[in-house]
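For reference, the structure is listed below as structure tokens.
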Amino acid sequence: MIKLKRLLSALLCVCLVLIGIAGCSSGSGDAKEEKTEEADSEKPESIQVMVGSDHAPYHEVVAERYEEKYGIKVELIVDAYDNQRNKAVAAATSGATEDIVVVDSCWPTEFANAGILAPITPYMSDELIESLVPVALEQATVDGEVWYMPTVNETKWLYYNKAKLQEAGYDHAPATWEELEEMSRTMIDKNLVKYGISWGAAQAEGLTCDWAVLMNSFGEDSWFDESGKWNLNSEKAKVALDFFVGTIKNGIADPASITYDDRQVLNTLAAGDVAFVLNWSFAWAVLNNPDESSVSGNVAIGCVPGSEKYGTVSGSTTGGGGYGILANSDAKEWAYKYLEMIVEPEFMVEALEITNNMPVTAETYVDEEVLKEYPHLEDCFPQYEYELVRPLLVQYNDWALLVQQNLHSALSGASTVDEALDNLQKQAESQITP
């Protein structure tokens with residue numbers, strides 16, 4: 001059922017995008033020809049691209065190819081990822097000359113509403129749209145317009161120590177959370193691990209994501225009810241948080257989880273203290289690096305478990321993002337050509353090699369040559385069928401802060417699950433516009 005809903009959602013997203021393209025490109029071939037001629041006549045000497053420092057090495061490769069192909073210099077403006085949102089806002093409001101900015105998957109509604117970005121829908125071909133993993137496009141789409149080119153196809157996967165599972169007598173990853181608990185208890189009882197799982201449950205965005213993962217895997221597929229109102233204290237939301245809290249209370253999870261962020265939580269799996277963690281794609285390289293991990297070579301990746309009680313296969317939440325064009329850019333057509341180049345399959349492989357980015361192009365996950373080099377992609381790809389996209393809100397940061405405060409209260413024992421989610425529901429209803 002979840003898979004069908006995800007497919008219908010993806011198809012709706014693609015339909016909205018195609019409608020947007022049709023509305024913006026009436027006249028078809030003639031209009032596109034005129035746009036190309038106009039772009040050629042206004043060819044800039046350079047374009048400016050803001051990039052996070054983690055992704056700069058990959059962009060250096062793309063920029064070189066872009067300059068060779070179009071004869072336009074690419075000026076990369078590199079800074080830490082944490083500074084990118086403020087830099088994008090400042091560039092948009094100061095009349096700066098930058099053309100392309102980083103857009104996190106949580107920002108498109110805010111940026112679109114504030115007039116920071118120009119939609120890229122008018123430039124996108126049907127072929128490009130169809131080549132992208134649907135959920136990556138879905139989270140870039142607001143009101144039928146695509147606001148950034150998805151380039152980082154993130155979700156949370158289950159990472160596990162396959163050697164520990166084998167020692168405990170298991171030849172497979174847990175299919176459900178109930179099975180994960182049973183496996184964890186067996187490994188703890190056999191002194192193979194200290195705890196079954198660690199969570200990145202510090203009061204930060206990773207906590208928001210892990211709750212979204214659990215909600216979705218326990219069968220919740222929307223943040224809103226049928227009337228469009230907040231639905232944060234639903235039965236399944238409470239079951240998910242009750243399970244989350246319960247793993248800490250019953251000793252299945254590391255009690256220090258409430259202090260770990262997404263990076264710190266990896267230390268417990270890398271040290272061999274736990275068998276399972278949830279994390280993003282960057283964790284693959286960390287956990288399989290013998291200089292950083294004592295379990296290198298014994299770590300596997302796969303889909304997050306589902307729920308036996310609710311009959312779900314899996315559930316997760318998306319992340320990542322991409323790059324958008326500033327509304328005040330004087331070279332939008334040429335900036336789009338750069339975005340288009342980023343997602344060419346060959347560059348998706350470059351991104352995977354250089355920065356461990358998961359590709360946004362579906363064909364990359366089934367390319368036999370790519371799989372020879374990166375066989376784990378085959379285990380990663382199925383997760384994109386089971387996703388709950390975090391709500392696309394103008395006030396996303398305010399909403400996420402409320403979520404983190406209330407969840408952490410329940411996880412630390414300061415409030416009950418019902419108290420935490422009922423309070424979150426009331427706060428969201430009064431403070432956050434859906």
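As shown in the structure tokens, the chain order sets the letters A, B, ...; within each chain, residues go from 1, and ligands are also counted from 1 in the order they appear.
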
Problem set entry | Neighbour list for Asn153 (chain A) as a VMD selection string, cut-off 8 Å, only C-alpha atoms, skip fewer than 6 positions in-chain | chain A and resid 136 318 to 321 357 to 360

For this session: Looking only at strand (DSSP E or B) from DSSP on the backbone, list the matching residues of region 111-252 of chain A as a ChimeraX atom specification.
Result: /A:117-118,132,141-142,145-146,149-155,157-161,176,195-198,224,230

Seminar exercise, completed: Val152 (chain A) proximity check over A:Tyr66, A:Tyr338, A:Trp177, A:Phe347, using only C-alpha atoms: winner is A:Phe347

For this session: Give me every helix (DSSP H, G or I) residue in region 153-272 of chain A, going by DSSP on the backbone, as a ChimeraX atom specification.
Result: /A:162-167,177-189,205-217,235-249,255-259,266-270

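Between Lys69 (chain A) and the candidates A:Leu401, A:Met341, A:Val101, A:Ser293, the tightest atom-to-atom separation, counting only C-alpha atoms, involves A:Met341.
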
Problem set entry | Selected residue, from A:Val245, A:Lys156, A:Val49, A:Val103, that lies nearest to Ile77 (chain A) when counting only C-alpha atoms | A:Val49

Select from region 204-261 of chain A every residue with an atom at most 8 Å from any atom of region 410-419 of chain A, then for each give the shortest pair of atoms and their distance in Å to one decimal, using only C-alpha atoms, rows by chain and rising number, as a tab-separated table.
residue	atom	partner	partner_atom	distance
A:Asn233	CA	A:Asp418	CA	7.7
A:Lys238	CA	A:Val417	CA	6.6
A:Leu241	CA	A:Val417	CA	6.6
A:Asp242	CA	A:Val417	CA	6.1
A:Phe244	CA	A:Leu411	CA	7.6
A:Val245	CA	A:Leu411	CA	5.2
A:Ile248	CA	A:Leu411	CA	7.8
A:Ile258	CA	A:Ser412	CA	7.1

Exercise. Do you know which residues are at most 12 Å from Glu373 (chain A) counting only C-alpha atoms, after dropping those on the same chain fewer than 6 positions away, and could you put them as a ChimeraX atom specification?
Worked result: /A:349,352-353,364-365,367

Could the residues in this selection be written to a file with N, CA and C atoms, as a PDB file, in the first residue's frame?
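The resulting file, selection-v1.pdb, is shown below:
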ATOM      1  N   VAL A 349      28.119   9.907 -11.425  1.00  0.00           N
ATOM      2  CA  VAL A 349      29.117   8.928 -11.010  1.00  0.00           C
ATOM      3  C   VAL A 349      30.327   9.644 -10.411  1.00  0.00           C
ATOM      4  N   LEU A 352      29.434  10.571  -6.936  1.00  0.00           N
ATOM      5  CA  LEU A 352      29.477   9.386  -6.079  1.00  0.00           C
ATOM      6  C   LEU A 352      30.905   9.063  -5.685  1.00  0.00           C
ATOM      7  N   GLU A 353      31.811   9.182  -6.638  1.00  0.00           N
ATOM      8  CA  GLU A 353      33.212   8.848  -6.385  1.00  0.00           C
ATOM      9  C   GLU A 353      33.890   9.884  -5.489  1.00  0.00           C
ATOM     10  N   THR A 364      21.456   5.320 -13.113  1.00  0.00           N
ATOM     11  CA  THR A 364      22.754   5.061 -12.492  1.00  0.00           C
ATOM     12  C   THR A 364      22.699   3.855 -11.564  1.00  0.00           C
ATOM     13  N   TYR A 365      21.548   3.634 -10.937  1.00  0.00           N
ATOM     14  CA  TYR A 365      21.413   2.547  -9.974  1.00  0.00           C
ATOM     15  C   TYR A 365      21.308   1.163 -10.627  1.00  0.00           C
ATOM     16  N   ASP A 367      22.956   0.645 -13.773  1.00  0.00           N
ATOM     17  CA  ASP A 367      24.038   0.580 -14.748  1.00  0.00           C
ATOM     18  C   ASP A 367      25.033  -0.494 -14.302  1.00  0.00           C
TER      19      ASP A 367
END

Please provide as a PDB file with C-alpha atoms, in the first residue's frame all residues within 12 Å of Glu292 (chain A), with the sequence filter that same-chain residues fewer than 2 positions apart are discarded (counting only C-alpha atoms).
ATOM      1  CA  LEU A 266      28.357   6.517  13.780  1.00  0.00           C
ATOM      2  CA  ASN A 267      31.076   6.159  16.397  1.00  0.00           C
ATOM      3  CA  THR A 268      29.059   3.492  18.205  1.00  0.00           C
ATOM      4  CA  LEU A 269      28.700   1.293  15.117  1.00  0.00           C
ATOM      5  CA  ALA A 270      32.296   1.970  14.041  1.00  0.00           C
ATOM      6  CA  ALA A 271      33.518   0.819  17.457  1.00  0.00           C
ATOM      7  CA  GLY A 272      31.470  -2.389  17.307  1.00  0.00           C
ATOM      8  CA  ALA A 283      28.078   7.150   6.526  1.00  0.00           C
ATOM      9  CA  TRP A 284      29.013   4.454   3.992  1.00  0.00           C
ATOM     10  CA  ALA A 285      32.453   5.922   3.418  1.00  0.00           C
ATOM     11  CA  VAL A 286      33.026   6.611   7.125  1.00  0.00           C
ATOM     12  CA  LEU A 287      32.036   3.134   8.304  1.00  0.00           C
ATOM     13  CA  ASN A 288      34.058   1.372   5.615  1.00  0.00           C
ATOM     14  CA  ASN A 289      37.200   3.414   6.153  1.00  0.00           C
ATOM     15  CA  PRO A 290      39.667   1.286   8.139  1.00  0.00           C
ATOM     16  CA  SER A 294      36.995  -1.028  13.393  1.00  0.00           C
ATOM     17  CA  VAL A 295      34.162  -2.727  11.506  1.00  0.00           C
ATOM     18  CA  SER A 296      35.289  -1.702   8.020  1.00  0.00           C
ATOM     19  CA  GLY A 297      34.359  -4.403   5.533  1.00  0.00           C
TER      20      GLY A 297
END

Exercise. Which of these residues is nearest to Thr259 (chain A), using only C-alpha atoms: A:Thr312, A:Ser198, A:Ile325, A:Glu226?
Worked result: A:Ser198

For this session: For Asn328 (chain A), please output as a ChimeraX atom specification all residues within 12 Å (counting only C-alpha atoms; exclusion window: fewer than 4 positions along the same chain).
Result: /A:88-101,115-119,324,332,335

Write a file of the selected residues as a short mmCIF file (atom, residue, chain, number, x, y, z; two decimals), in the first residue's frame, keeping N, CA, C and O atoms.
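The new file out.cif reads:
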data_model
loop_
_atom_site.label_atom_id
_atom_site.label_comp_id
_atom_site.auth_asym_id
_atom_site.auth_seq_id
_atom_site.Cartn_x
_atom_site.Cartn_y
_atom_site.Cartn_z
N ALA A 88 22.59 32.70 0.64
CA ALA A 88 21.60 32.77 -0.43
C ALA A 88 20.62 33.91 -0.20
O ALA A 88 20.28 34.67 -1.12
N VAL A 89 20.17 34.05 1.04
CA VAL A 89 19.24 35.13 1.38
C VAL A 89 19.90 36.49 1.18
O VAL A 89 19.31 37.41 0.61
N ALA A 90 21.15 36.60 1.63
CA ALA A 90 21.87 37.86 1.49
C ALA A 90 22.08 38.22 0.02
O ALA A 90 21.91 39.38 -0.38
N ALA A 91 22.43 37.24 -0.78
CA ALA A 91 22.65 37.48 -2.21
C ALA A 91 21.38 37.94 -2.89
O ALA A 91 21.39 38.82 -3.76
N ALA A 92 20.26 37.36 -2.50
CA ALA A 92 18.98 37.70 -3.13
C ALA A 92 18.49 39.08 -2.75
O ALA A 92 17.82 39.75 -3.53
N THR A 93 18.83 39.51 -1.54
CA THR A 93 18.30 40.79 -1.05
C THR A 93 19.26 41.96 -1.24
O THR A 93 18.87 43.11 -1.05
N SER A 94 20.49 41.68 -1.63
CA SER A 94 21.48 42.75 -1.74
C SER A 94 21.77 43.15 -3.18
O SER A 94 22.59 44.04 -3.42
N GLY A 95 21.13 42.44 -4.12
CA GLY A 95 21.41 42.74 -5.53
C GLY A 95 22.75 42.21 -5.98
O GLY A 95 23.33 42.71 -6.96
N ALA A 96 23.25 41.18 -5.29
CA ALA A 96 24.55 40.61 -5.65
C ALA A 96 24.45 39.93 -7.02
O ALA A 96 23.38 39.69 -7.55
N THR A 97 25.61 39.57 -7.57
CA THR A 97 25.66 39.06 -8.95
C THR A 97 25.71 37.53 -9.03
O THR A 97 25.88 37.00 -10.12
N GLU A 98 25.61 36.83 -7.91
CA GLU A 98 25.64 35.37 -7.95
C GLU A 98 24.47 34.83 -8.78
O GLU A 98 23.40 35.44 -8.84
N ASP A 99 24.68 33.69 -9.41
CA ASP A 99 23.65 33.10 -10.26
C ASP A 99 23.03 31.84 -9.66
O ASP A 99 21.82 31.62 -9.79
N ILE A 100 23.83 31.01 -9.02
CA ILE A 100 23.37 29.71 -8.53
C ILE A 100 23.67 29.58 -7.04
O ILE A 100 24.76 29.94 -6.60
N VAL A 101 22.69 29.06 -6.28
CA VAL A 101 22.87 28.92 -4.84
C VAL A 101 22.46 27.52 -4.40
O VAL A 101 21.69 26.84 -5.07
N GLY A 115 10.67 35.05 -2.97
CA GLY A 115 11.15 35.55 -4.26
C GLY A 115 12.63 35.43 -4.45
O GLY A 115 13.22 36.13 -5.28
N ILE A 116 13.27 34.52 -3.72
CA ILE A 116 14.72 34.36 -3.81
C ILE A 116 15.12 33.60 -5.07
O ILE A 116 16.14 33.91 -5.69
N LEU A 117 14.30 32.62 -5.44
CA LEU A 117 14.64 31.76 -6.57
C LEU A 117 13.74 32.00 -7.78
O LEU A 117 12.61 32.45 -7.64
N ALA A 118 14.28 31.66 -8.94
CA ALA A 118 13.47 31.60 -10.16
C ALA A 118 13.15 30.13 -10.40
O ALA A 118 14.03 29.27 -10.27
N PRO A 119 11.91 29.78 -10.74
CA PRO A 119 11.60 28.37 -11.01
C PRO A 119 12.37 27.88 -12.23
O PRO A 119 12.57 28.62 -13.18
N GLY A 324 19.70 25.99 -7.03
CA GLY A 324 18.69 26.79 -7.69
C GLY A 324 19.28 28.05 -8.28
O GLY A 324 20.43 28.42 -8.00
N LYS A 332 20.09 33.51 -16.41
CA LYS A 332 19.32 32.34 -15.97
C LYS A 332 19.45 31.16 -16.92
O LYS A 332 19.59 30.01 -16.49
N ALA A 335 22.82 29.70 -16.49
CA ALA A 335 22.90 29.05 -15.18
C ALA A 335 22.20 27.70 -15.23
O ALA A 335 22.69 26.72 -14.66
#

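Between Ala240 (chain A) and the residues A:Pro174, A:Gly228, A:Pro150, A:Gly315, the shortest atom-to-atom distance, using only C-alpha atoms, involves A:Gly315.
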
Problem set entry | Spatial neighbours of Glu387 (chain A), max dist 8 Å, only C-alpha atoms, sep filter under 2 positions, as a list in words |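 Everything that qualifies: Arg6, Val135, Val213, Asn216, Gly315, Ser316, Thr317, Thr318, Gln383, Tyr384, Glu385 and Val389 of chain A.
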